[in-house]
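Reviewing the structure listed below.
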Number of protein chains: 4
Amino acid sequence: MKFGLIGAGRIGRIHAQNLCRFLTDVHLKWVTDVFEASARDCAEELSIPEWGTDYTKMLNDPEIQAVVVCSSTDTHTQIIRAAADAGKHVFCEKPIDVDLSQIDQALQSVQQAQTILQIGFNRRFDVNFDRIHKAVASGEIGTPHQIHIISRDPGPPPIEYIRKSGGIFLDMMIHDFDMARFLTGHEIIEVYAVGSVQVDPEIGKAGDFDTATVLLKFDNGVTGVIENCRKAVYGYDQRVEVFGSKGCISADNRVPDQVTVRGSRNIHTTLPLHFFIERYQESYIEEMRRFAEAIRLQLPSPVSGEESRIPVVTAMAAQRSAMENRPVKLNEIA
Amino acid sequence: MKFGLIGAGRIGRIHAQNLCRFLTDVHLKWVTDVFEASARDCAEELSIPEWGTDYTKMLNDPEIQAVVVCSSTDTHTQIIRAAADAGKHVFCEKPIDVDLSQIDQALQSVQQAQTILQIGFNRRFDVNFDRIHKAVASGEIGTPHQIHIISRDPGPPPIEYIRKSGGIFLDMMIHDFDMARFLTGHEIIEVYAVGSVQVDPEIGKAGDFDTATVLLKFDNGVTGVIENCRKAVYGYDQRVEVFGSKGCISADNRVPDQVTVRGSRNIHTTLPLHFFIERYQESYIEEMRRFAEAIRLQLPSPVSGEESRIPVVTAMAAQRSAMENRPVKLNEIA
Amino acid sequence: MKFGLIGAGRIGRIHAQNLCRFLTDVHLKWVTDVFEASARDCAEELSIPEWGTDYTKMLNDPEIQAVVVCSSTDTHTQIIRAAADAGKHVFCEKPIDVDLSQIDQALQSVQQAQTILQIGFNRRFDVNFDRIHKAVASGEIGTPHQIHIISRDPGPPPIEYIRKSGGIFLDMMIHDFDMARFLTGHEIIEVYAVGSVQVDPEIGKAGDFDTATVLLKFDNGVTGVIENCRKAVYGYDQRVEVFGSKGCISADNRVPDQVTVRGSRNIHTTLPLHFFIERYQESYIEEMRRFAEAIRLQLPSPVSGEESRIPVVTAMAAQRSAMENRPVKLNEIA
Amino acid sequence: MKFGLIGAGRIGRIHAQNLCRFLTDVHLKWVTDVFEASARDCAEELSIPEWGTDYTKMLNDPEIQAVVVCSSTDTHTQIIRAAADAGKHVFCEKPIDVDLSQIDQALQSVQQAQTILQIGFNRRFDVNFDRIHKAVASGEIGTPHQIHIISRDPGPPPIEYIRKSGGIFLDMMIHDFDMARFLTGHEIIEVYAVGSVQVDPEIGKAGDFDTATVLLKFDNGVTGVIENCRKAVYGYDQRVEVFGSKGCISADNRVPDQVTVRGSRNIHTTLPLHFFIERYQESYIEEMRRFAEAIRLQLPSPVSGEESRIPVVTAMAAQRSAMENRPVKLNEIA
């Protein structure tokens, strides 16, 4: 199979490397980026034969079966539509878009083309969360009653990024909204969100929160809680706990080593893997493997466009809830 | 110092034993219970000289400096008033009452008598929670941003108990409302509560929830979450986590042993201490020590009546929030 | 039952308090100590009716059923013999003696008197080690193959104590030799010991080691390792691991709290309970309970004199092995 | 840099894949194996241009700078000599040989050729053991006093393998002998070894042990213990602990996930990574990176031939000790 990649920034490079190193049945033939130098550097480093700034050439290459979209969010839906029209399968980074009508048009194109669209909710492919998903689905902890998700970054992004990010719910908590559905196997019907500015007043001036807590109600009576913060001094904090009638399953952070030091003041261990690149390394490989497999075996998309629309709606409901200080039902949004 | 004890039921017996065994400067002279046999058995087991069914005799004994009130909740305020009028210090089990006007009258009597009233929020004296309280107060984790409290029982009480309990917020979560204030050092100003029936439909028929999640807003912008459930198959689940600008401090459950078994299927450890009697054993001794110390050294009450009124108000706000599905400010209640 | 206690030093006081507080069917009637003030203070604190410097008076009191011997090691066997001759049951602190012929004479007296003699190997009654003992005995980890015991003190005793102690193998590792038999259910037949001076050269000058490692061979082919050191900066280190055909069971140190702090440099927890008083608190109560129970129900001694002779022999073999740098069989010693 | 690889079996394939995937500055040009099919399959899978059964052709290729030797142990020294004579650097799997005179001849050839010889003690490059090595070297735990190494396999190899293996000390414990030196930074001067047959009587019939415990004495008075067993039902058990004057540092097993389940019977976590392929995956990459780096920057070998001879001598001393039941000094051997 021959793949192309659009957007050779940080996450694009990771996907490019993973495709070249770990997916033996995939050949990465094309890379494009709006910055010519980025595309060229990436092509040279990984011996990718074709590169350029214009992704339409790539879409016109009949050898290309699938494209991996890592460009900026505002280009996602137009690329998805163009790719679908060209009959290419698409892997697209999250979020698919922050405008529901744009999303819906893109999904329609994919549906018409009967191509596979997979959205980059990579955490689903993390061994810890995959283990919990399977435990819940198989009844290992009985009927789920309560879910609790903690997601904190080691530090906030630059304030310019914050300004364009769409806000903490759409930019950061969107992953957790997807996790909440994925892990419980149920749909969120209502959210109550509280945001505050604890980390950096500049984030508040930019109209955003840097700390947020959301209470979720699911269609089966389960309740959930998500805690987000843009800064945890101990590093990337990615924990989950699902409590059910037969037990409680939880995932702690992944750590670089298993070393413990007993010293004269305390007993200490090493801080967690620092950020998403290290923490979710294997999940990025696995999501790409599953994308290639879906194409090869004509399977349904592991993370469909329809599914990836739901966290966007949830984030919008949370945003409204935080602004209006009231619980907001998802069907208020769309 | 000579003490009397009113109510020789389960918790009363524990306090009586602790007073006899561990408080070398206190002599437990009196025990009363509405059931004569309970008072007599307790007196015999612990060599308590005086016993009976009428606590007023005890209050008339000029040797008695303080009484420990472990009778049913509906008798608390009248005993507190009578004891205050008799010039006795009072240790009273939580909740002080479920009626705010009754509470206020009792507090007024105490204030007039200038006696010490300590309410049995024993968890404050638990080594884990005391350690976290001090860490937060001393700035060890910086400014607190988010707090998360988990409190689950190994199994629900009998349905008759549930019916008279005042509901999950007043009966069970009241401890956690107190913890939330105690650990953060800040006041809750608003709650949003969600309750559901996951454990036993009979509890629902009795008009109560058996599972509840509450989101708290504090006066300084901190947010908190409390998760309660009447049944956890793995036993008493009492965990807390406070996240702040310089770190995150958490308390795991207390366990009976430190044994790990590596077997052919998994690595396993022993379930937590089963219920509050085992889990909070030392805290019951410590709260009594602190009560005796406050009397001896004329210190302020370690857990004043005024403070113990606040969790009652919080529970009422949570109850209203769950019923009306909206955030409720505490100053709506009282 | 009425008990007497001989030797009101540190460990004697602990036993006296435990008898008074926790053994409701035992009355501690007598306490003696070679230092009059010690006996008197102890008697006053715990309301013990009779006290003095001469334990023979206590042995002549027909009400006394049993004596608890906490005097210095060199007085143990003579007291055991006198007590046996007076028909009293004896609980005696470890080691019973460091001279085998003295031990044998004392055991003979006990045998003739048909009284109960229990030696204070309190660690057997620790919840962790009791749990491991039962797991091994019940086959939970299959056939044991290897055992590993770590035992380190927070700091060395005064050099005067070291000089009279009998050496690290008799004074410190004797507990671990007993543990090794107790946990595996098998007899040690040979030891190879290595000692060194790492902590304090004064200990070396006193003719002792402060650090020692011993390899044990058991009668069934199991091998064991014991590591001792007089000083661990992180406190009292008391760990055990038994590896068998169906798994591996281990006990970690007991800790004062279950609090974890995630900070900017590491994740840390609290140091273990500092020394034997805190660490083995419950085991001291439990061994006394079991002693009283054995008397009341006419059961065999929970830790017989014969059993307590074996660790003395093992320690002597280890001492010889370390001196001669060769494996030494226990039947070389006695 | 162009590399060749000799021996395309299990470990050979791992090195070949790692060279192709992760060492961007190395080109794997040649692969040979005595089984033609193995060489061809490997070459095809990884697009290696040259393959065959005769490694001398590879050594004659002037483009080849270094060879990676993964053939059977009995071929190691002859290949090392031939490669050195051809001016090629060599990475060779452990053990270099089980015959000291063969080793010495090979080392002489390497010395004359001034090439780099690195032996595959991959565990040195494991993050856990590297962390401990650095902690000890930097004084983080003060002066080391005691070291303890546990190394157990999930199951024994086939009995035919056992027969040719050279015995448990040379085949299995050799890694731990290297670790002991590496972690303490000191030389072993004497060993006392005990072996037994606990897992499979067939291993005993083959003249080997399946379980062994060894006590080590180091040149600076440190003592060490190594415990080996051919079968642990819970999987690959690779733990280390170094105790020193300022603390104790230990490495637990590496695990596939960080998931904990609180169930109705116990609290459980997942078994360790099953065997060396999974457990030491990153260390195989890292040792190859360090080999390539040493060539590129003309650094000394990260694990020299001279160093790799020492664990062979130690294993021989342990073997003799176990046979003769006495401590054996390393300078008895060579």
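Chain labels A, B, ... are given in the sequence in which chains occur in the structure tokens; within each chain residues are numbered consecutively from 1, and ligands are likewise numbered from 1 in the order shown.
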Inset, instruction - Identify all residues of region 106-234 of chain C in alpha helix (DSSP H) (DSSP on the backbone) and supply them as a ChimeraX atom specification. - result: /C:106-113,127-137,159-164,168-171,174-184,201-205
Inset, instruction - Name all residues at most 10 Å from Arg309 (chain D) (count only C-alpha atoms; drop same-chain ones fewer than 6 positions away) and give them as an MDAnalysis selection string. - result: chainID D and resid 94:100 103:104 107 119 178
If we count only C-alpha atoms, what is near region 289-298 of chain D at a cut-off of 9 Å, once residues fewer than 3 positions away on the same chain are taken out, given as an mmCIF file with N, CA, C and O atoms, in the first residue's frame?
```
data_model
loop_
_atom_site.group_PDB
_atom_site.id
_atom_site.type_symbol
_atom_site.label_atom_id
_atom_site.label_comp_id
_atom_site.auth_asym_id
_atom_site.auth_seq_id
_atom_site.Cartn_x
_atom_site.Cartn_y
_atom_site.Cartn_z
ATOM 1 N N MET D 1 27.745 4.165 7.691
ATOM 2 C CA MET D 1 28.486 2.957 8.068
ATOM 3 C C MET D 1 27.757 1.713 7.574
ATOM 4 O O MET D 1 26.548 1.626 7.689
ATOM 5 N N LEU D 19 18.840 -2.538 13.798
ATOM 6 C CA LEU D 19 19.788 -1.798 12.952
ATOM 7 C C LEU D 19 19.044 -1.103 11.821
ATOM 8 O O LEU D 19 19.304 0.070 11.521
ATOM 9 N N PHE D 22 16.206 1.613 13.645
ATOM 10 C CA PHE D 22 16.506 2.670 14.609
ATOM 11 C C PHE D 22 17.879 3.302 14.450
ATOM 12 O O PHE D 22 18.139 4.352 15.005
ATOM 13 N N LEU D 23 18.773 2.652 13.698
ATOM 14 C CA LEU D 23 20.099 3.251 13.554
ATOM 15 C C LEU D 23 20.195 3.885 12.175
ATOM 16 O O LEU D 23 20.599 3.248 11.201
ATOM 17 N N ASP D 25 22.145 5.962 10.906
ATOM 18 C CA ASP D 25 23.449 6.150 10.249
ATOM 19 C C ASP D 25 24.134 4.820 9.918
ATOM 20 O O ASP D 25 25.277 4.809 9.497
ATOM 21 N N VAL D 26 23.420 3.729 10.117
ATOM 22 C CA VAL D 26 23.998 2.411 9.803
ATOM 23 C C VAL D 26 23.191 1.763 8.687
ATOM 24 O O VAL D 26 21.963 1.812 8.687
ATOM 25 N N GLN D 65 32.249 -2.201 7.782
ATOM 26 C CA GLN D 65 33.084 -1.668 8.856
ATOM 27 C C GLN D 65 32.993 -2.505 10.114
ATOM 28 O O GLN D 65 33.907 -2.524 10.923
ATOM 29 N N ALA D 66 31.838 -3.140 10.275
ATOM 30 C CA ALA D 66 31.623 -3.847 11.540
ATOM 31 C C ALA D 66 30.697 -5.027 11.324
ATOM 32 O O ALA D 66 29.833 -4.997 10.444
ATOM 33 N N HIS D 89 35.322 -4.045 13.133
ATOM 34 C CA HIS D 89 34.837 -3.982 14.514
ATOM 35 C C HIS D 89 33.812 -5.097 14.737
ATOM 36 O O HIS D 89 33.144 -5.518 13.784
ATOM 37 N N VAL D 90 33.715 -5.550 15.965
ATOM 38 C CA VAL D 90 32.815 -6.675 16.244
ATOM 39 C C VAL D 90 31.916 -6.386 17.448
ATOM 40 O O VAL D 90 32.392 -5.972 18.503
ATOM 41 N N PHE D 91 30.627 -6.625 17.229
ATOM 42 C CA PHE D 91 29.701 -6.746 18.345
ATOM 43 C C PHE D 91 29.401 -8.232 18.438
ATOM 44 O O PHE D 91 28.946 -8.850 17.470
ATOM 45 N N THR D 115 40.844 -2.887 16.874
ATOM 46 C CA THR D 115 39.422 -2.720 16.542
ATOM 47 C C THR D 115 38.594 -2.701 17.833
ATOM 48 O O THR D 115 39.104 -2.998 18.908
ATOM 49 N N ILE D 116 37.339 -2.356 17.664
ATOM 50 C CA ILE D 116 36.433 -2.340 18.815
ATOM 51 C C ILE D 116 35.736 -3.681 18.918
ATOM 52 O O ILE D 116 35.197 -4.187 17.927
ATOM 53 N N LEU D 117 35.758 -4.249 20.113
ATOM 54 C CA LEU D 117 34.984 -5.459 20.388
ATOM 55 C C LEU D 117 34.025 -5.149 21.520
ATOM 56 O O LEU D 117 34.454 -4.771 22.619
ATOM 57 N N GLN D 118 32.718 -5.285 21.240
ATOM 58 C CA GLN D 118 31.708 -5.075 22.293
ATOM 59 C C GLN D 118 30.937 -6.362 22.495
ATOM 60 O O GLN D 118 30.486 -6.981 21.535
ATOM 61 N N TYR D 284 18.379 -3.626 23.720
ATOM 62 C CA TYR D 284 19.028 -4.151 22.513
ATOM 63 C C TYR D 284 19.287 -3.034 21.500
ATOM 64 O O TYR D 284 20.291 -3.050 20.791
ATOM 65 N N ILE D 285 18.337 -2.117 21.428
ATOM 66 C CA ILE D 285 18.539 -0.973 20.531
ATOM 67 C C ILE D 285 19.683 -0.097 21.059
ATOM 68 O O ILE D 285 20.579 0.300 20.319
ATOM 69 N N GLU D 286 19.625 0.153 22.353
ATOM 70 C CA GLU D 286 20.585 1.065 22.947
ATOM 71 C C GLU D 286 22.012 0.525 22.859
ATOM 72 O O GLU D 286 22.957 1.278 22.582
ATOM 73 N N SER D 301 35.337 0.586 23.726
ATOM 74 C CA SER D 301 34.166 -0.291 23.671
ATOM 75 C C SER D 301 33.322 -0.107 24.934
ATOM 76 O O SER D 301 33.850 -0.132 26.043
ATOM 77 N N PRO D 302 32.004 0.064 24.783
ATOM 78 C CA PRO D 302 31.130 0.185 25.955
ATOM 79 C C PRO D 302 31.159 -1.055 26.854
ATOM 80 O O PRO D 302 30.961 -0.943 28.061
#
```
Inset, instruction - Please return, as a count of residues only, all residues of chain C lying within 6 Å of chain A when only C-alpha atoms are considered. - result: 11
Legend entry - Atom-to-atom span, CA of Val313 (chain B) and CA of His133 (chain B), Å: 22.0 Å
Legend entry - Length of the CA of Glu50 (chain D) to CA of Lys29 (chain D) vector [Å]: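 Atom-to-atom, CA of Glu50 (chain D) and CA of Lys29 (chain D) are spaced 6.0 Å apart.
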Inset, instruction - Can you work out the spacing between CA of Trp30 (chain C) and CA of Leu59 (chain C) in Å, to one decimal? - result: 9.7 Å
Legend entry - DSSP strand (DSSP E) residues within region 99-267 of chain C, listed as number ranges by chain: C: 117-119, 144-152, 188-196, 211-218, 223-229, 237-244, 247-251, 259-262, 267
Inset, instruction - Choose the residue, out of B:Asn60, B:Ser304, B:Ser38, B:Asn325, that has the smallest atom-to-atom separation from Phe121 (chain B); count only C-alpha atoms. - result: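 Among the listed residues, the smallest separation from Phe121 (chain B) belongs to B:Ser304.
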